[in-house]
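Asker: Enclosed is the structure file data-v3.tsv (TSV, C-alpha atoms).
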chain	number	residue	atom	x	y	z
A	450	MET	CA	128.94	145.98	235.67
A	451	LYS	CA	127.24	142.64	235.27
A	452	LYS	CA	128.72	139.87	237.45
A	453	ALA	CA	130.21	136.97	235.51
A	454	LYS	CA	128.21	133.78	235.77
A	455	THR	CA	129.94	131.05	237.76
A	456	LYS	CA	130.56	127.91	235.72
A	457	LYS	CA	128.49	124.94	236.80
A	458	TYR	CA	130.42	121.86	237.93
A	459	VAL	CA	128.97	118.38	238.37
A	460	TYR	CA	131.50	115.87	239.67
A	461	LEU	CA	130.70	112.33	238.54
A	462	ASP	CA	134.09	110.66	238.91
A	463	TYR	CA	133.86	109.28	242.46
A	464	ALA	CA	135.42	105.96	241.40
A	465	ALA	CA	138.64	107.85	240.65
A	466	THR	CA	138.71	109.72	243.95
A	467	THR	CA	136.38	111.33	246.46
A	468	PRO	CA	136.44	114.65	248.31
A	469	VAL	CA	137.52	114.43	251.94
A	470	ASP	CA	134.50	114.69	254.21
A	471	LYS	CA	134.52	117.73	256.51
A	472	ALA	CA	134.11	115.50	259.55
A	473	VAL	CA	137.18	113.55	258.43
A	474	ILE	CA	139.23	116.75	258.14
A	475	LYS	CA	138.12	117.77	261.62
A	476	ALA	CA	139.18	114.41	263.06
A	477	MET	CA	142.59	114.66	261.39
A	478	LEU	CA	143.52	118.25	262.30
A	479	PRO	CA	144.85	117.66	265.87
A	480	TYR	CA	147.31	115.08	264.55
A	481	PHE	CA	149.10	117.63	262.38
A	482	SER	CA	150.11	120.15	265.04
A	483	GLU	CA	148.90	119.12	268.50
A	484	LYS	CA	149.16	115.32	268.66
A	485	PHE	CA	151.91	115.10	266.06
A	486	ALA	CA	154.33	112.73	267.76
A	487	ASN	CA	155.76	109.59	266.17
A	488	PRO	CA	153.76	106.59	267.49
A	489	ALA	CA	156.99	104.60	267.64
A	490	SER	CA	158.29	106.95	270.37
A	491	ILE	CA	157.80	105.71	273.92
A	492	HIS	CA	157.23	109.09	275.55
A	493	SER	CA	153.77	110.35	276.49
A	494	MET	CA	152.97	112.08	273.19
A	495	GLY	CA	154.20	109.06	271.23
A	496	THR	CA	152.02	106.81	273.36
A	497	GLU	CA	149.02	109.06	272.68
A	498	ALA	CA	149.63	108.82	268.93
A	499	ASN	CA	149.93	105.05	269.19
A	500	LYS	CA	146.59	104.89	271.00
A	501	ALA	CA	145.03	106.74	268.07
A	502	LEU	CA	146.39	104.03	265.76
A	503	ASP	CA	144.98	101.29	267.97
A	504	LYS	CA	141.59	102.99	268.00
A	505	ALA	CA	141.64	103.29	264.19
A	506	ARG	CA	142.68	99.66	263.80
A	507	GLU	CA	139.70	98.69	265.94
A	508	VAL	CA	137.32	100.54	263.59
A	509	PHE	CA	138.56	98.48	260.64
A	510	ALA	CA	138.57	95.23	262.59
A	511	ASN	CA	134.95	95.76	263.62
A	512	TYR	CA	133.89	96.44	260.04
A	513	LEU	CA	135.69	93.37	258.72
A	514	SER	CA	134.86	91.17	261.73
A	515	CYS	CA	138.52	90.31	262.10
A	516	GLN	CA	141.28	90.67	264.65
A	517	ILE	CA	142.95	94.03	265.27
A	518	SER	CA	146.33	92.39	264.71
A	519	GLU	CA	145.31	91.51	261.13
A	520	ILE	CA	145.14	95.18	260.00
A	521	PHE	CA	148.29	96.72	258.50
A	522	PHE	CA	148.39	100.30	257.25
A	523	THR	CA	150.10	101.29	253.99
A	524	SER	CA	150.41	104.38	251.79
A	525	SER	CA	148.09	103.29	248.96
A	526	ALA	CA	146.16	100.46	247.37
A	527	THR	CA	149.01	100.19	244.90
A	528	GLU	CA	151.42	99.47	247.75
A	529	SER	CA	149.02	97.03	249.38
A	530	ASN	CA	148.50	95.11	246.14
A	531	ASN	CA	152.22	95.05	245.38
A	532	TRP	CA	152.91	93.83	248.90
A	533	ALA	CA	150.22	91.14	248.76
A	534	LEU	CA	151.49	89.61	245.51
A	535	LYS	CA	155.23	90.06	245.93
A	536	GLY	CA	155.27	89.41	249.67
A	537	VAL	CA	153.29	86.17	249.41
A	538	ALA	CA	155.25	85.01	246.37
A	539	SER	CA	158.50	85.49	248.25
A	540	ALA	CA	157.23	83.79	251.41
A	541	TYR	CA	155.83	80.72	249.60
A	542	LYS	CA	158.31	80.34	246.73
A	543	ASN	CA	159.51	77.00	248.08
A	544	LYS	CA	155.96	75.67	247.94
A	545	GLY	CA	155.14	76.80	244.41
A	546	LYS	CA	155.80	79.44	241.78
A	547	LYS	CA	152.40	79.98	240.17
A	548	ILE	CA	150.24	83.09	240.67
A	549	ILE	CA	146.75	83.54	239.22
A	550	VAL	CA	145.17	86.96	238.66
A	551	SER	CA	142.02	87.86	236.77
A	552	SER	CA	142.32	89.43	233.33
A	553	ILE	CA	140.50	92.59	234.52
A	554	GLU	CA	142.59	93.53	237.57
A	555	HIS	CA	143.80	97.05	238.25
A	556	ASP	CA	147.13	97.89	236.62
A	557	CYS	CA	148.98	97.72	239.94
A	558	VAL	CA	148.02	94.04	240.28
A	559	LEU	CA	148.71	93.23	236.63
A	560	ASN	CA	152.08	94.98	236.70
A	561	SER	CA	153.02	93.27	239.98
A	562	ALA	CA	152.14	89.95	238.35
A	563	LYS	CA	154.18	90.91	235.29
A	564	TRP	CA	157.17	91.71	237.50
A	565	LEU	CA	156.83	88.33	239.21
A	566	SER	CA	156.71	86.61	235.81
A	567	GLN	CA	160.01	88.27	234.99
A	568	ASN	CA	161.52	87.06	238.24
A	569	GLY	CA	160.99	83.32	238.18
A	570	PHE	CA	157.25	82.97	238.77
A	571	GLU	CA	154.51	81.70	236.46
A	572	VAL	CA	151.48	83.93	236.03
A	573	GLU	CA	148.15	82.79	234.58
A	574	TYR	CA	145.13	84.98	233.92
A	575	ALA	CA	141.64	83.88	234.95
A	576	PRO	CA	139.16	84.72	232.16
A	577	VAL	CA	135.87	86.57	232.58
A	578	ASP	CA	132.55	86.42	230.76
A	579	GLY	CA	130.93	89.24	228.79
A	580	PHE	CA	129.80	90.95	232.01
A	581	GLY	CA	133.28	90.85	233.51
A	582	THR	CA	132.51	88.06	235.98
A	583	VAL	CA	135.25	85.51	236.65
A	584	ASP	CA	134.41	82.06	235.30
A	585	LEU	CA	134.60	79.78	238.36
A	586	GLU	CA	134.86	76.56	236.36
A	587	LYS	CA	137.76	77.88	234.30
A	588	LEU	CA	139.40	79.26	237.42
A	589	GLU	CA	139.25	75.86	239.09
A	590	LYS	CA	140.85	74.22	236.05
A	591	ILE	CA	143.89	76.52	236.07
A	592	ILE	CA	144.62	76.10	239.79
A	593	THR	CA	147.44	73.56	239.94
A	594	PRO	CA	149.44	72.05	242.84
A	595	ASP	CA	152.10	74.67	242.11
A	596	THR	CA	149.65	77.57	242.64
A	597	ILE	CA	150.29	79.62	245.79
A	598	LEU	CA	148.06	82.68	245.31
A	599	VAL	CA	144.90	83.77	243.51
A	600	SER	CA	144.25	87.54	243.30
A	601	ILE	CA	140.82	88.60	242.07
A	602	MET	CA	139.31	92.00	242.80
A	603	HIS	CA	136.15	92.32	244.89
A	604	SER	CA	134.61	94.71	242.37
A	605	ASN	CA	135.91	96.15	239.14
A	606	ASN	CA	136.97	99.78	239.14
A	607	GLU	CA	135.92	100.38	235.52
A	608	ILE	CA	132.71	98.49	234.88
A	609	GLY	CA	131.57	98.00	238.50
A	610	THR	CA	130.96	94.25	238.26
A	611	LEU	CA	130.98	92.47	241.63
A	612	GLN	CA	132.89	89.20	241.74
A	613	PRO	CA	131.66	86.03	243.51
A	614	VAL	CA	134.37	86.38	246.16
A	615	GLU	CA	132.72	84.00	248.62
A	616	GLU	CA	132.67	81.19	246.04
A	617	ILE	CA	136.22	82.02	244.94
A	618	GLY	CA	137.34	81.94	248.56
A	619	LYS	CA	135.76	78.53	249.11
A	620	LEU	CA	137.45	77.20	245.98
A	621	CYS	CA	140.85	78.52	247.05
A	622	LYS	CA	140.45	77.09	250.53
A	623	ALA	CA	139.55	73.68	249.12
A	624	LYS	CA	142.61	73.85	246.86
A	625	LYS	CA	144.79	75.09	249.75
A	626	VAL	CA	145.67	78.26	247.84
A	627	LEU	CA	145.82	81.76	249.33
A	628	PHE	CA	143.21	84.26	248.12
A	629	HIS	CA	143.80	88.02	247.86
A	630	THR	CA	141.15	90.52	246.82
A	631	ASP	CA	141.43	94.20	245.97
A	632	ALA	CA	138.37	95.75	247.62
A	633	SER	CA	139.31	99.38	246.97
A	634	GLN	CA	136.04	100.17	245.17
A	635	SER	CA	133.65	98.21	247.40
A	636	PHE	CA	135.17	98.86	250.84
A	637	GLY	CA	132.73	100.94	252.89
A	638	LYS	CA	129.96	100.51	250.32
A	639	MET	CA	128.81	97.06	251.48
A	640	PRO	CA	129.32	94.70	254.43
A	641	ILE	CA	132.52	92.63	254.24
A	642	ASN	CA	132.69	89.94	256.90
A	643	MET	CA	135.99	88.09	257.03
A	644	LYS	CA	134.51	85.40	259.25
A	645	LYS	CA	132.17	84.41	256.42
A	646	LEU	CA	134.56	84.96	253.54
A	647	ASN	CA	137.60	82.78	252.91
A	648	ILE	CA	139.81	85.75	252.07
A	649	ASP	CA	143.42	85.68	253.24
A	650	LEU	CA	144.46	89.17	252.15
A	651	LEU	CA	142.35	92.25	251.36
A	652	THR	CA	143.25	95.70	250.06
A	653	ALA	CA	141.34	98.90	250.85
A	654	SER	CA	142.02	102.57	250.12
A	655	SER	CA	141.08	105.73	252.00
A	656	HIS	CA	140.61	108.19	249.14
A	657	LYS	CA	137.93	106.05	247.49
A	658	MET	CA	135.64	106.59	250.50
A	659	TYR	CA	135.91	110.28	251.51
A	660	GLY	CA	139.17	109.89	253.40
A	661	PRO	CA	142.57	111.46	252.62
A	662	LYS	CA	144.91	110.32	249.87
A	663	GLY	CA	148.13	108.58	250.84
A	664	VAL	CA	146.74	105.98	253.23
A	665	ALA	CA	145.37	102.46	252.76
A	666	LEU	CA	145.46	99.06	254.42
A	667	LEU	CA	146.19	95.41	253.83
A	668	TYR	CA	144.28	92.83	255.84
A	669	ILE	CA	146.45	89.75	256.42
A	670	ARG	CA	144.74	86.74	257.93
A	671	THR	CA	146.56	85.32	260.96
A	672	GLY	CA	148.88	82.53	259.90
A	673	THR	CA	149.43	83.89	256.39
A	674	LEU	CA	153.12	84.25	255.64
A	675	ILE	CA	154.27	87.40	253.88
A	676	GLU	CA	157.65	89.03	253.35
A	677	PRO	CA	157.97	92.82	253.88
A	678	LEU	CA	157.99	94.99	250.79
A	679	LEU	CA	159.68	97.87	252.62
A	680	HIS	CA	162.68	97.37	254.89
A	681	GLY	CA	163.60	99.80	257.64
A	682	GLY	CA	162.80	100.34	261.29
A	683	GLY	CA	160.28	97.53	261.57
A	684	HIS	CA	157.05	99.53	261.94
A	685	GLU	CA	153.64	97.85	261.75
A	686	ARG	CA	154.84	94.97	263.90
A	687	GLY	CA	157.88	94.35	261.75
A	688	LYS	CA	155.95	93.90	258.50
A	689	ARG	CA	155.84	97.37	256.95
A	690	SER	CA	158.64	99.80	257.78
A	691	SER	CA	158.03	103.56	257.42
A	692	THR	CA	156.94	106.23	259.87
A	693	VAL	CA	153.21	105.76	260.26
A	694	ASN	CA	150.84	108.39	258.83
A	695	VAL	CA	148.82	108.93	262.02
A	696	ALA	CA	146.70	111.83	260.74
A	697	GLY	CA	145.87	109.97	257.54
A	698	ILE	CA	144.96	106.77	259.37
A	699	VAL	CA	142.74	108.65	261.82
A	700	GLY	CA	140.99	110.23	258.83
A	701	PHE	CA	140.68	106.86	257.10
A	702	ALA	CA	139.00	105.37	260.17
A	703	LYS	CA	136.63	108.32	260.53
A	704	ALA	CA	135.72	108.02	256.85
A	705	LEU	CA	134.84	104.35	257.35
A	706	GLU	CA	132.69	105.15	260.38
A	707	LEU	CA	130.71	107.65	258.30
A	708	CYS	CA	130.33	105.19	255.41
A	709	VAL	CA	129.08	102.43	257.70
A	710	LYS	CA	126.60	104.79	259.34
A	711	GLU	CA	124.97	105.75	256.04
A	712	MET	CA	125.71	102.57	254.07
A	713	TYR	CA	122.13	101.37	253.64
A	714	SER	CA	120.55	104.78	252.95
A	715	GLU	CA	123.27	105.77	250.47
A	716	LYS	CA	122.98	102.45	248.68
A	717	LEU	CA	119.26	102.96	248.11
A	718	ARG	CA	119.68	106.61	247.11
A	719	GLN	CA	122.51	106.01	244.67
A	720	ILE	CA	120.92	102.91	243.13
A	721	LYS	CA	117.90	105.05	242.27
A	722	LEU	CA	120.10	107.67	240.58
A	723	ARG	CA	122.28	105.04	238.88
A	724	ASP	CA	119.31	103.18	237.42
A	725	GLN	CA	117.73	106.42	236.27
A	726	ILE	CA	120.88	107.28	234.31
A	727	ILE	CA	121.19	103.82	232.77
A	728	LYS	CA	117.52	103.64	231.79
A	729	PHE	CA	117.55	107.11	230.25
A	730	ILE	CA	120.72	106.53	228.22
A	731	LEU	CA	119.66	103.17	226.81
A	732	LYS	CA	116.18	104.46	225.94
A	733	ASN	CA	117.01	107.92	224.60
A	734	ILE	CA	120.46	107.67	223.01
A	735	PRO	CA	120.56	105.35	219.98
A	736	ASN	CA	123.38	102.80	219.73
A	737	SER	CA	124.26	103.03	223.42
A	738	HIS	CA	125.21	100.04	225.58
A	739	LEU	CA	125.80	99.23	229.24
A	740	ASN	CA	129.16	97.67	230.13
A	741	GLY	CA	129.42	95.30	233.08
A	742	HIS	CA	126.77	93.25	234.84
A	743	PRO	CA	123.27	94.80	234.61
A	744	LYS	CA	122.41	93.96	238.23
A	745	ASN	CA	125.42	92.54	240.07
A	746	ARG	CA	127.38	95.80	240.08
A	747	LEU	CA	128.45	98.57	242.43
A	748	PHE	CA	125.57	100.85	243.30
A	749	ASN	CA	127.41	103.98	242.14
A	750	ASN	CA	128.79	102.75	238.81
A	751	VAL	CA	127.50	103.52	235.31
A	752	ASN	CA	129.81	102.42	232.51
A	753	VAL	CA	128.37	103.00	229.06
A	754	ARG	CA	129.62	102.98	225.50
A	755	PHE	CA	128.35	104.83	222.46
A	756	ASP	CA	128.87	103.65	218.89
A	757	PHE	CA	130.53	105.90	216.28
A	758	ILE	CA	132.43	108.16	218.73
A	759	GLU	CA	135.52	108.20	220.91
A	760	GLY	CA	134.91	108.27	224.65
A	761	GLU	CA	137.75	110.70	225.26
A	762	ALA	CA	136.25	113.28	222.89
A	763	LEU	CA	132.89	112.90	224.62
A	764	MET	CA	134.52	113.23	228.03
A	765	MET	CA	136.23	116.48	227.03
A	766	ASP	CA	133.01	117.90	225.60
A	767	LEU	CA	131.19	117.10	228.83
A	768	ASP	CA	134.07	118.66	230.75
A	769	SER	CA	133.63	121.89	228.78
A	770	LYS	CA	130.08	121.96	230.10
A	771	GLY	CA	131.16	121.37	233.69
A	772	ILE	CA	130.46	117.63	233.90
A	773	GLU	CA	133.37	115.57	235.21
A	774	VAL	CA	133.35	111.91	234.13
A	775	SER	CA	136.17	109.59	233.08
A	776	THR	CA	137.06	107.35	230.20
A	777	VAL	CA	139.06	104.16	229.99
A	778	SER	CA	140.40	105.06	226.56
A	779	ALA	CA	143.30	107.50	226.47
A	780	CYS	CA	145.83	108.69	223.93
A	781	ALA	CA	149.41	107.87	224.79
A	782	SER	CA	151.53	109.75	222.24
A	783	SER	CA	149.83	108.98	218.92
A	784	LYS	CA	148.55	105.52	219.86
A	785	LEU	CA	145.07	105.00	221.20
A	786	GLN	CA	145.06	102.78	224.29
A	787	PHE	CA	142.04	100.56	224.85
A	788	SER	CA	140.67	99.31	228.15
A	789	HIS	CA	142.05	95.87	228.96
A	790	VAL	CA	138.88	95.30	231.02
A	791	LEU	CA	136.52	95.82	228.09
A	792	LEU	CA	138.69	93.79	225.75
A	793	ALA	CA	138.77	90.94	228.29
A	794	CYS	CA	134.95	91.04	228.29
A	795	GLY	CA	135.02	90.35	224.55
A	796	ILE	CA	134.19	93.88	223.41
A	797	GLU	CA	135.90	94.83	220.15
A	798	GLU	CA	138.29	97.78	220.09
A	799	LYS	CA	136.06	99.92	217.85
A	800	TYR	CA	133.24	99.55	220.37
A	801	ALA	CA	135.39	99.79	223.50
A	802	GLN	CA	136.80	103.20	222.56
A	803	GLY	CA	133.37	104.82	222.82
A	804	THR	CA	133.16	104.25	226.58
A	805	ILE	CA	132.78	106.66	229.50
A	806	ARG	CA	132.43	105.91	233.20
A	807	ILE	CA	129.97	107.87	235.31
A	808	SER	CA	130.42	107.26	239.03
A	809	LEU	CA	128.19	108.70	241.74
A	810	GLY	CA	128.89	109.62	245.32
A	811	ARG	CA	127.71	111.06	248.60
A	812	TYR	CA	127.31	114.56	247.21
A	813	THR	CA	125.63	113.64	243.92
A	814	THR	CA	122.14	115.14	243.77
A	815	GLN	CA	119.07	114.62	241.62
A	816	LYS	CA	119.77	118.06	240.19
A	817	ASP	CA	123.23	116.88	239.10
A	818	VAL	CA	121.75	113.85	237.38
A	819	ASN	CA	119.11	115.96	235.66
A	820	TYR	CA	121.83	118.25	234.29
A	821	LEU	CA	123.85	115.26	233.03
A	822	LEU	CA	120.83	113.79	231.27
A	823	LYS	CA	120.06	117.15	229.69
A	824	VAL	CA	123.58	117.63	228.35
A	825	LEU	CA	124.69	114.09	227.48
A	826	PRO	CA	122.39	113.36	224.48
A	827	LYS	CA	123.39	116.64	222.85
A	828	SER	CA	127.08	115.94	223.43
A	829	VAL	CA	126.81	112.45	221.94
A	830	GLU	CA	124.98	113.83	218.90
A	831	LYS	CA	127.59	116.56	218.50
A	832	MET	CA	130.49	114.10	218.75
A	833	ARG	CA	128.90	111.79	216.18
A	834	LYS	CA	128.55	114.64	213.69
A	835	ILE	CA	132.21	115.61	213.88
A	836	SER	CA	133.70	112.18	214.54
A	837	PRO	CA	135.88	110.59	211.83
A	838	MET	CA	134.29	107.28	212.92
A	839	SER	CA	131.44	107.45	210.42
A	840	VAL	CA	128.87	104.71	210.10
A	841	THR	CA	130.46	103.76	206.78
A	842	ASN	CA	133.91	103.37	208.29
A	843	TRP	CA	132.42	101.67	211.32
A	844	THR	CA	130.98	98.80	209.29
A	845	MET	CA	134.14	98.22	207.25
So that I can check it, write out the structure of this file as structure tokens.
Answerer:
Amino acid sequence: MKKAKTKKYVYLDYAATTPVDKAVIKAMLPYFSEKFANPASIHSMGTEANKALDKAREVFANYLSCQISEIFFTSSATESNNWALKGVASAYKNKGKKIIVSSIEHDCVLNSAKWLSQNGFEVEYAPVDGFGTVDLEKLEKIITPDTILVSIMHSNNEIGTLQPVEEIGKLCKAKKVLFHTDASQSFGKMPINMKKLNIDLLTASSHKMYGPKGVALLYIRTGTLIEPLLHGGGHERGKRSSTVNVAGIVGFAKALELCVKEMYSEKLRQIKLRDQIIKFILKNIPNSHLNGHPKNRLFNNVNVRFDFIEGEALMMDLDSKGIEVSTVSACASSKLQFSHVLLACGIEEKYAQGTIRISLGRYTTQKDVNYLLKVLPKSVEKMRKISPMSVTNWTM
């Protein structure tokens, strides 16, 4: 009997999540069954677990060039971002009630801002240009004496555009406004030196960089006031109650160590693959376009749109061929939802819906890219033939 052929899988959705590195799993294992004690306990095993936390905190402090006491562990980037916005707003409400976020933030920041707007705070949205870069001049104009916090992501999770965080930090410092940045996508991919950057709060997430899900951090610069989001036993030096996820944090720290070790070589390798994909698509697939900044972008991000098709249909066709990518357009019930990021960049809905995101990672090979570039043009052509979005309807 002939053996069934194994389906080929090419994972190109690293911006959504990454596999846990084997070395990370190995580092975590003892903390599940051997060194499992609660670090808040004062007995010997508890003390050993607490030392593991201190060691992990030191790894992050060294990477960020900050103090160990400025690192606070959380369960997710969503929690960190909620804490940053709501905690600062609560702590500084007597000083001012205005919060500024960019128009292309992750939903957890936008929804936190929305919640604040429903609870007595004013929220204003900093606009971006066609590449998704925050307009510094316009940002400066909307910072008022009542502004207490500006939250602008370090790099965009959809289109990969890197923001001028150093310049934004200088502006906020001059205006005496706190600056928070969500660095979930860029953390571990590039150097981030808090001594050089005027960032008061920074979010990072483990599962975006080959660590486990369910663990993240919030950097809080010394002297920055913030109210707890969670109330309980006073863990994390009284700022974030909840039994600490020791195994997850150990894995998070190990993941960062691995990323730092290979940061330069992986950047060069993935840039080569990224640029190959972009160049091929724009040259060989008619009516294709790159979203985001052409140069000032994450080295693993390719966000492209194709006229006359829906990105979700293309994504599913690629999935049927074993290629895993993502799309920022999704059907919720019967209503098509468009990417707020692309719309903020000035891209019309009919164009935005033809977008897919291809994101590379540590395990992406040249062979994977070759397979993608072999399959993608055929999939686009197929989708255009069966799509109800004909050229005639498109131009109406």
Asker: Quick one: of A:Leu707, A:Leu559, A:Ala801, A:Ile591, who's nearest to A:His738, counting only C-alpha atoms?
Answerer: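 Closest candidate: A:Ala801.
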Asker: For stretch 492-556 of chain A against stretch 683-703 of chain A, with a cut-off of 9 Å and counting only C-alpha atoms, what is the closest atom pair and its distance in Å to one decimal for every residue that makes the cut, ordered by chain and number, as JSON lines?
Answerer:
{"residue": "A:Ala498", "atom": "CA", "partner": "A:Val695", "partner_atom": "CA", "distance": 7.0}
{"residue": "A:Asn499", "atom": "CA", "partner": "A:Val695", "partner_atom": "CA", "distance": 8.2}
{"residue": "A:Ala501", "atom": "CA", "partner": "A:Val699", "partner_atom": "CA", "distance": 6.9}
{"residue": "A:Leu502", "atom": "CA", "partner": "A:Val695", "partner_atom": "CA", "distance": 6.6}
{"residue": "A:Lys504", "atom": "CA", "partner": "A:Val699", "partner_atom": "CA", "distance": 8.5}
{"residue": "A:Ala505", "atom": "CA", "partner": "A:Ala702", "partner_atom": "CA", "distance": 5.2}
{"residue": "A:Arg506", "atom": "CA", "partner": "A:Ala702", "partner_atom": "CA", "distance": 7.7}
{"residue": "A:Glu507", "atom": "CA", "partner": "A:Ala702", "partner_atom": "CA", "distance": 8.9}
{"residue": "A:Val508", "atom": "CA", "partner": "A:Ala702", "partner_atom": "CA", "distance": 6.2}
{"residue": "A:Phe509", "atom": "CA", "partner": "A:Ala702", "partner_atom": "CA", "distance": 6.9}
{"residue": "A:Ser518", "atom": "CA", "partner": "A:Arg686", "partner_atom": "CA", "distance": 8.9}
{"residue": "A:Phe521", "atom": "CA", "partner": "A:Glu685", "partner_atom": "CA", "distance": 6.4}
{"residue": "A:Phe522", "atom": "CA", "partner": "A:Glu685", "partner_atom": "CA", "distance": 7.3}
{"residue": "A:Thr523", "atom": "CA", "partner": "A:Arg689", "partner_atom": "CA", "distance": 7.6}
{"residue": "A:Ser524", "atom": "CA", "partner": "A:Asn694", "partner_atom": "CA", "distance": 8.1}
Asker: Can you tell me which residues surround stretch 585-588 of chain A at a distance of at most 10 Å, considering all atoms listed in the file, apart from same-chain residues fewer than 5 positions away, and format the answer as a short mmCIF file (atom, residue, chain, number, x, y, z; two decimals) with C-alpha atoms, in the frame of the given file?
Answerer:
data_model
loop_
_atom_site.label_atom_id
_atom_site.label_comp_id
_atom_site.auth_asym_id
_atom_site.auth_seq_id
_atom_site.Cartn_x
_atom_site.Cartn_y
_atom_site.Cartn_z
CA ILE A 549 146.75 83.54 239.22
CA VAL A 550 145.17 86.96 238.66
CA SER A 551 142.02 87.86 236.77
CA GLU A 573 148.15 82.79 234.58
CA TYR A 574 145.13 84.98 233.92
CA ALA A 575 141.64 83.88 234.95
CA PRO A 576 139.16 84.72 232.16
CA VAL A 577 135.87 86.57 232.58
CA VAL A 599 144.90 83.77 243.51
CA PRO A 613 131.66 86.03 243.51
CA GLU A 616 132.67 81.19 246.04
CA ILE A 617 136.22 82.02 244.94
CA LEU A 620 137.45 77.20 245.98
CA CYS A 621 140.85 78.52 247.05
#
Asker: Taking into account all atoms listed in the file, which residue in the set A:Leu611, A:Leu674, A:Leu747, A:Met494 is nearest to A:Leu534?
Answerer: A:Leu674
Asker: Report, in Å with one decimal, the straight-line distance from atom CA of A:Val709 to atom CA of A:Ser633.
Answerer: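 Between atom CA of A:Val709 and atom CA of A:Ser633 the gap works out to 15.1 Å.
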Asker: State, in Å with one decimal place, the distance from atom CA of A:Asn487 to atom CA of A:Gly663.
Answerer: 17.2 Å
Asker: Which residue, A:Ile601, A:Ala510, A:Ala526, A:Met477, has the smallest gap to A:Asp584 when you use only C-alpha atoms?
Answerer: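 That would be A:Ile601, the residue with the smallest distance to A:Asp584.
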